[in-house]
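A.B. asks: Structure: final05.cif, mmCIF, C-alpha atoms.
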data_upload
loop_
_atom_site.label_atom_id
_atom_site.label_comp_id
_atom_site.auth_asym_id
_atom_site.auth_seq_id
_atom_site.Cartn_x
_atom_site.Cartn_y
_atom_site.Cartn_z
CA MET G 1 118.94 145.20 122.02
CA THR G 2 115.18 144.63 121.82
CA GLU G 3 113.54 141.26 121.17
CA TYR G 4 112.50 142.54 117.75
CA SER G 5 116.08 143.53 116.86
CA LEU G 6 117.41 140.17 118.00
CA GLU G 7 114.89 138.35 115.81
CA VAL G 8 115.88 140.44 112.78
CA LYS G 9 119.59 139.98 113.41
CA SER G 10 119.22 136.21 113.72
CA GLY G 11 117.23 135.99 110.47
CA GLU G 12 114.03 135.00 112.26
CA ARG G 13 112.03 138.09 111.28
CA PHE G 14 111.57 140.14 108.13
CA GLU G 15 111.66 143.92 108.52
CA PHE G 16 108.19 144.59 107.19
CA GLY G 17 108.23 148.21 108.31
CA LYS G 18 111.27 149.17 106.26
CA ASN G 19 109.56 147.72 103.19
CA TRP G 20 106.38 149.69 103.95
CA ALA G 21 108.36 152.91 104.41
CA ARG G 22 109.46 152.59 100.77
CA PHE G 23 105.82 152.02 99.76
CA LEU G 24 104.76 155.30 101.37
CA ARG G 25 107.02 157.21 98.96
CA SER G 26 104.69 156.18 96.13
CA LEU G 27 101.39 156.50 97.98
CA THR G 28 98.86 158.44 95.91
CA GLU G 29 95.24 159.45 96.29
CA GLU G 30 94.41 156.80 93.70
CA ARG G 31 95.98 154.08 95.86
CA ILE G 32 94.14 155.37 98.93
CA ALA G 33 90.87 155.31 97.02
CA GLU G 34 91.42 151.68 95.98
CA ALA G 35 92.20 150.70 99.56
CA GLN G 36 89.06 152.47 100.76
CA LYS G 37 86.97 150.69 98.15
CA SER G 38 88.27 147.30 99.31
CA VAL G 39 87.26 147.98 102.92
CA LEU G 40 83.78 149.21 102.05
CA GLU G 41 83.12 146.21 99.80
CA ALA G 42 84.39 143.65 102.30
CA LEU G 43 82.42 145.08 105.23
CA GLU G 44 79.41 145.89 103.02
CA ILE G 45 79.11 149.40 104.41
CA GLU G 46 79.17 152.98 103.14
CA THR G 47 80.84 154.65 106.12
CA LEU G 48 82.55 153.99 109.44
CA GLU G 49 81.21 157.18 110.98
CA GLY G 50 80.73 156.72 114.72
CA LYS G 51 82.50 153.35 114.72
CA SER G 52 85.74 152.25 116.41
CA PHE G 53 88.45 150.52 114.36
CA LEU G 54 91.42 148.49 115.61
CA ASP G 55 94.23 147.88 113.13
CA ILE G 56 96.27 144.91 114.41
CA GLY G 57 99.63 145.03 112.67
CA SER G 58 99.07 148.33 110.92
CA GLY G 59 102.01 147.90 108.51
CA SER G 60 102.13 150.87 106.17
CA GLY G 61 99.31 152.55 108.07
CA LEU G 62 97.28 152.80 104.86
CA PHE G 63 94.19 151.02 106.18
CA SER G 64 94.26 152.94 109.43
CA LEU G 65 94.25 156.08 107.30
CA VAL G 66 91.34 154.72 105.28
CA ALA G 67 89.34 153.92 108.42
CA ARG G 68 89.96 157.39 109.82
CA ARG G 69 88.89 159.01 106.55
CA LEU G 70 85.73 156.94 106.68
CA GLY G 71 84.94 158.46 110.07
CA ALA G 72 86.12 155.81 112.52
CA ARG G 73 87.97 156.32 115.77
CA VAL G 74 91.18 154.41 115.04
CA HIS G 75 93.77 152.62 117.15
CA SER G 76 96.79 151.28 115.25
CA PHE G 77 99.54 149.09 116.60
CA ASP G 78 102.37 147.02 115.21
CA TYR G 79 105.20 144.93 116.62
CA ASP G 80 107.65 146.37 114.09
CA PRO G 81 108.86 149.84 115.19
CA HIS G 82 109.38 150.89 111.57
CA SER G 83 105.73 150.08 110.82
CA VAL G 84 104.69 152.16 113.81
CA ASN G 85 106.64 155.05 112.30
CA CYS G 86 104.88 154.51 108.95
CA ALA G 87 101.48 154.96 110.59
CA ARG G 88 102.76 158.03 112.41
CA GLU G 89 104.02 159.47 109.14
CA LEU G 90 100.61 159.05 107.51
CA LYS G 91 98.86 160.56 110.49
CA GLY G 92 101.24 163.51 110.31
CA ARG G 93 100.47 163.97 106.62
CA PHE G 94 96.69 163.68 106.76
CA PHE G 95 95.48 164.00 110.39
CA PRO G 96 98.13 165.89 112.39
CA GLY G 97 97.32 166.07 116.08
CA ASP G 98 94.07 164.15 115.67
CA PRO G 99 92.97 162.65 119.03
CA GLN G 100 90.74 160.16 117.20
CA TRP G 101 93.74 158.25 115.82
CA THR G 102 96.15 156.68 118.30
CA ILE G 103 99.26 154.72 117.32
CA GLU G 104 101.37 152.44 119.52
CA GLN G 105 103.90 149.65 119.38
CA GLY G 106 102.42 146.37 120.59
CA SER G 107 102.18 142.67 119.90
CA ALA G 108 99.22 140.58 118.77
CA LEU G 109 100.62 137.86 121.03
CA ASP G 110 100.25 140.05 124.12
CA VAL G 111 96.70 139.30 125.26
CA ASP G 112 96.97 141.66 128.24
CA TYR G 113 97.82 144.52 125.88
CA LEU G 114 94.87 143.71 123.62
CA ARG G 115 92.46 143.51 126.54
CA SER G 116 93.72 146.86 127.84
CA LEU G 117 92.49 148.51 124.62
CA GLY G 118 88.86 147.57 125.17
CA THR G 119 86.59 146.44 122.35
CA PHE G 120 86.07 147.76 118.83
CA ASP G 121 83.31 147.70 116.24
CA VAL G 122 85.79 146.60 113.57
CA VAL G 123 88.98 144.66 114.21
CA TYR G 124 91.14 144.56 111.09
CA SER G 125 94.26 142.47 110.49
CA TRP G 126 95.02 141.84 106.84
CA GLY G 127 97.97 139.55 106.17
CA VAL G 128 99.49 139.97 109.62
CA LEU G 129 98.71 137.24 112.13
CA HIS G 130 100.42 134.52 110.11
CA HIS G 131 103.66 136.48 110.61
CA THR G 132 103.59 136.58 114.41
CA GLY G 133 105.32 133.22 114.97
CA ASP G 134 102.25 131.88 116.82
CA MET G 135 99.30 132.41 114.52
CA TRP G 136 96.61 130.51 116.42
CA THR G 137 97.38 132.33 119.67
CA ALA G 138 97.21 135.64 117.80
CA LEU G 139 93.88 134.66 116.24
CA ASP G 140 92.57 133.74 119.68
CA ASN G 141 93.79 136.97 121.25
CA ALA G 142 91.93 139.01 118.62
CA VAL G 143 88.62 137.65 119.93
CA ALA G 144 88.75 139.80 123.07
CA ALA G 145 89.08 142.98 120.99
CA VAL G 146 85.84 142.53 119.03
CA ALA G 147 82.73 144.14 120.48
CA ASP G 148 79.49 142.16 120.61
CA GLY G 149 77.98 142.46 117.15
CA GLY G 150 81.29 143.75 115.83
CA SER G 151 83.25 142.59 112.79
CA LEU G 152 86.59 140.82 112.52
CA PHE G 153 88.22 141.32 109.11
CA ILE G 154 91.31 139.16 108.59
CA SER G 155 93.30 137.50 105.85
CA LEU G 156 95.64 134.54 106.22
CA TYR G 157 97.98 132.65 103.92
CA ASN G 158 96.42 129.63 102.27
CA ASP G 159 97.81 126.20 103.18
CA GLN G 160 99.19 124.52 100.06
CA GLY G 161 100.90 121.63 101.80
CA LYS G 162 104.32 120.90 100.29
CA ALA G 163 104.34 124.15 98.32
CA SER G 164 103.84 126.15 101.52
CA ARG G 165 106.69 124.28 103.18
CA ARG G 166 108.96 125.10 100.23
CA TRP G 167 108.05 128.78 100.43
CA LYS G 168 108.82 128.77 104.14
CA LYS G 169 112.35 127.63 103.33
CA VAL G 170 112.69 130.37 100.71
CA LYS G 171 111.55 133.00 103.20
CA ARG G 172 113.95 131.78 105.85
CA LEU G 173 116.78 131.86 103.31
CA TYR G 174 115.95 135.43 102.28
CA ASN G 175 116.23 136.64 105.86
CA ARG G 176 119.46 134.78 106.56
CA VAL G 177 121.54 135.86 103.55
CA PRO G 178 123.32 139.24 103.54
CA ALA G 179 121.17 142.12 102.32
CA GLY G 180 123.30 142.53 99.20
CA MET G 181 122.52 138.98 98.10
CA ARG G 182 118.77 139.04 98.60
CA PHE G 183 118.03 140.01 95.02
CA ALA G 184 119.38 136.59 94.05
CA VAL G 185 116.51 135.10 96.06
CA VAL G 186 113.86 137.54 94.82
CA ALA G 187 114.64 137.27 91.08
CA PRO G 188 113.84 133.55 90.62
CA CYS G 189 110.76 133.96 92.83
CA PHE G 190 109.53 136.75 90.56
CA VAL G 191 109.89 134.43 87.56
CA VAL G 192 108.08 131.54 89.29
CA LEU G 193 105.23 133.74 90.48
CA TRP G 194 104.69 135.94 87.45
CA TRP G 195 105.85 134.33 84.21
CA ARG G 196 102.41 132.96 83.31
CA ARG G 197 100.62 136.27 83.78
CA LEU G 198 103.31 138.21 81.95
CA ALA G 199 103.30 135.70 79.09
CA LYS G 200 99.52 136.16 78.75
CA ASP G 201 99.96 139.93 78.76
CA ALA G 202 102.53 139.68 75.97
CA LEU G 203 100.36 137.37 73.87
CA ARG G 204 97.48 139.84 74.18
CA GLY G 205 99.71 142.67 73.02
CA GLN G 206 99.65 144.33 76.46
CA PRO G 207 103.10 143.69 77.94
CA PHE G 208 103.35 144.05 81.74
CA ARG G 209 99.68 145.00 82.05
CA SER G 210 99.28 142.83 85.18
CA ILE G 211 102.04 144.74 86.93
CA ARG G 212 100.85 148.17 85.76
CA GLU G 213 97.34 147.47 87.09
CA TYR G 214 98.50 145.88 90.33
CA GLN G 215 97.60 148.86 92.49
CA GLN G 216 93.93 148.19 91.76
CA ARG G 217 94.26 145.34 94.27
CA ARG G 218 93.65 147.18 97.56
CA GLY G 219 95.86 150.09 96.42
CA MET G 220 99.04 148.18 97.10
CA SER G 221 102.43 148.22 95.34
CA PHE G 222 103.63 145.37 93.13
CA TRP G 223 107.26 145.58 94.18
CA GLN G 224 106.63 146.01 97.91
CA ASP G 225 104.15 143.12 97.89
CA LEU G 226 106.65 140.90 96.06
CA ILE G 227 109.36 141.63 98.64
CA ASP G 228 106.82 141.17 101.43
CA TRP G 229 105.88 137.75 100.02
CA VAL G 230 109.43 136.50 99.46
CA GLY G 231 110.80 137.85 102.74
CA GLY G 232 107.72 137.55 104.96
CA TYR G 233 108.90 135.48 107.90
CA PRO G 234 107.76 134.02 110.34
CA PHE G 235 105.31 132.25 108.05
CA GLU G 236 102.29 130.10 108.92
CA VAL G 237 99.35 128.91 106.86
CA SER G 238 95.78 127.70 107.32
CA THR G 239 92.85 126.36 105.35
CA PRO G 240 89.52 128.19 105.15
CA GLY G 241 87.88 125.31 107.01
CA GLN G 242 90.30 125.53 109.91
CA VAL G 243 89.72 129.26 110.33
CA PHE G 244 85.94 128.89 110.03
CA ASP G 245 85.84 126.16 112.69
CA PHE G 246 88.19 128.10 114.95
CA TYR G 247 86.01 131.20 115.06
CA ARG G 248 82.68 129.40 115.06
CA ALA G 249 83.78 127.78 118.33
CA ARG G 250 84.36 131.29 119.69
CA GLY G 251 80.91 132.68 118.91
CA PHE G 252 81.54 134.17 115.47
CA THR G 253 79.51 133.89 112.28
CA LEU G 254 81.18 134.04 108.87
CA THR G 255 79.65 136.84 106.76
CA ARG G 256 82.13 137.00 103.90
CA LEU G 257 84.75 134.65 102.47
CA ARG G 258 87.05 135.33 99.56
CA THR G 259 89.51 132.54 98.86
CA CYS G 260 92.58 132.56 96.64
CA GLY G 261 91.25 129.56 94.76
CA GLY G 262 93.58 127.05 96.35
CA SER G 263 96.66 128.88 95.10
CA LEU G 264 99.29 131.12 96.63
CA GLY G 265 98.10 134.13 98.55
CA CYS G 266 95.59 134.90 101.26
CA ASN G 267 92.10 133.79 102.10
CA GLU G 268 90.03 136.75 103.29
CA PHE G 269 87.41 136.44 106.03
CA VAL G 270 84.88 138.74 107.64
CA PHE G 271 83.30 137.38 110.83
CA GLN G 272 80.65 138.89 113.07
CA LYS G 273 80.77 138.31 116.80
CA THR G 274 77.34 136.97 117.60
CA ALA G 275 77.80 135.26 120.97
CA ALA G 276 80.12 135.10 123.93
CA ALA G 277 82.99 132.67 123.38
CA PRO G 278 82.41 129.32 125.09
CA ALA G 279 84.65 128.82 128.11
CA THR G 280 86.28 125.79 126.49
CA ALA G 281 87.04 127.48 123.17
CA HIS G 282 90.23 129.18 124.28
CA ALA G 283 91.82 125.88 125.15
CA ALA G 284 91.41 124.65 121.60
CA ARG G 285 94.18 125.08 119.01
CA LYS G 286 94.63 124.14 115.40
CA GLY G 287 98.00 122.69 114.63
#
Would it be possible to restate this file's structure as structure tokens?

C.D. replies:
Amino acid sequence: MTEYSLEVKSGERFEFGKNWARFLRSLTEERIAEAQKSVLEALEIETLEGKSFLDIGSGSGLFSLVARRLGARVHSFDYDPHSVNCARELKGRFFPGDPQWTIEQGSALDVDYLRSLGTFDVVYSWGVLHHTGDMWTALDNAVAAVADGGSLFISLYNDQGKASRRWKKVKRLYNRVPAGMRFAVVAPCFVVLWWRRLAKDALRGQPFRSIREYQQRRGMSFWQDLIDWVGGYPFEVSTPGQVFDFYRARGFTLTRLRTCGGSLGCNEFVFQKTAAAPATAHAARKG
């Protein structure tokens, strides 16, 4: 049994890839277009033609697909074998046999693996590194993959103090109860997370509008994102200031920041690698 399988069996890891496989059944050109729009806006570009793109924790494979469509040479990897298969499925659908898109199983915690890949113009890891079980090591390892002058595009769960600690307990519970009982964990979470927005929709005479329009957020799926949030474990958090200081010490400049306003969800960062990392930076960690 692999390390991944042991972690899942013991309730220490959510099976992200199985959730993403269900998402791919509903993937449409409209969703792909929304995902593409989010990348172009965040990176403030019009194309990735001639660029190299590393997708750390490729998940559904959607953003690897977007990068390839935008002209990039793409390398996707994920620790979860089911996520690896998701990326392979999308490649088979849209770019069969394409030598400019490679897909492997690998870990963001394996610095030797990352270094073996070389450097990339864009390193992308949206909502991934806080699920590795050692977020700050994963963030540090990503540094070596970014080419000089290249961009690092990441998102990380916002630290809400006690609320984050409560959610961590919920996530651990979800992964430790039998699969048939997990809906009993998801249902109250849905109410807690969504009742305000749904109440506003109803009062405006537009019931469930927030859910119907959800795919306009990066082309994602409401239901799959809800399960990903409730079940997503391991789970670590950070503040925008911590992440900014961490990468500034490693020779990066922040070019874009989109916060979740101090609430649940992810803070989104785009950094540019502007200098070689100081020799002492890699010894530093944020607790």

A.B. asks: Record the distance separating CA of Arg165 in chain G and CA of Tyr233 in chain G, expressed in Å with one decimal.

C.D. replies: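 Taking CA of Arg165 in chain G and CA of Tyr233 in chain G, their separation equals 12.4 Å.
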
A.B. asks: From the list G:Arg22, G:Arg166, G:Arg248, G:His82, which residue is nearest Phe235 in chain G when using all atoms listed in the file?

C.D. replies: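 Ranking G:Arg22, G:Arg166, G:Arg248, G:His82 by distance to Phe235 in chain G, first place goes to G:Arg166.
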
A.B. asks: Can you pull out every residue within 10 Å of Gln100 in chain G, counting all atoms listed in the file, but drop anything in the same chain fewer than 6 positions away, and send it as a list in words?

C.D. replies: Ser52, Arg68, Gly71, Ala72, Arg73, Val74 and His75 of chain G

A.B. asks: For this file, the PyMOL selection byres ((chain G and resi 36) around 10) selects which residues, as a list in words?

C.D. replies: Glu30, Arg31, Ile32, Ala33, Glu34, Ala35, Lys37, Ser38, Val39, Leu40, Glu41, Leu62, Phe63, Leu65, Val66, Ala67, Arg69, Leu70, Arg218 and Gly219 of chain G

A.B. asks: Show me the residues close to (109.2, 139.4, 104.1) - anything with an atom within 7 Å, counting only C-alpha atoms - and format the list as a VMD selection string.

C.D. replies: chain G and resid 14 to 16 171 227 to 233

A.B. asks: As JSON, please report the centre and edge lengths, rounded to one decimal in Å, of the axis-aligned box that holds all listed atoms of range 260-264 of chain G with 5 Å of padding on each of the six sides.

C.D. replies:
{"center_x": 95.3, "center_y": 129.8, "center_z": 95.7, "size_x": 18.0, "size_y": 15.5, "size_z": 11.9}

A.B. asks: Tell me, as a ChimeraX atom specification, which residues lie within 8 Å of Cys266 in chain G, counting all atoms listed in the file; anything in the same chain fewer than 5 positions away does not count.

C.D. replies: /G:127,155-158,259-260

A.B. asks: Given the file above and the PyMOL selection byres ((chain G and resi 115-118) around 10), which residues are selected, and can you give them as a ChimeraX atom specification?

C.D. replies: /G:54,75,110-114,119-120,141-147

A.B. asks: CA of Gly106 in chain G and CA of Arg250 in chain G, how far apart in Å?

C.D. replies: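 Distance between the two atoms: 23.5 Å.
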
A.B. asks: Determine, counting all atoms listed in the file, which protein, DNA and RNA residues have an atom within 10 Å of an atom of range 237-243 of chain G; residues of the same chain fewer than 2 positions away are not included. Present the result as number ranges by chain.

C.D. replies: G: 129-131, 135-136, 139, 156-161, 164-165, 168, 235, 245-248, 254, 257-259, 262, 265-269, 285-287

A.B. asks: Please expand the PyMOL selection byres ((chain G and resi 85-96) around 10) into the concrete residues it hits in this file, giving the result as a ChimeraX atom specification.

C.D. replies: /G:17-18,20-24,27,58-65,68-69,76-78,80-84,97-105

A.B. asks: Report, in Å to a single decimal, how far apart CA of Phe190 in chain G and CA of Phe208 in chain G are.

C.D. replies: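 Computed distance, CA of Phe208 in chain G to CA of Phe190 in chain G, equals 13.0 Å.
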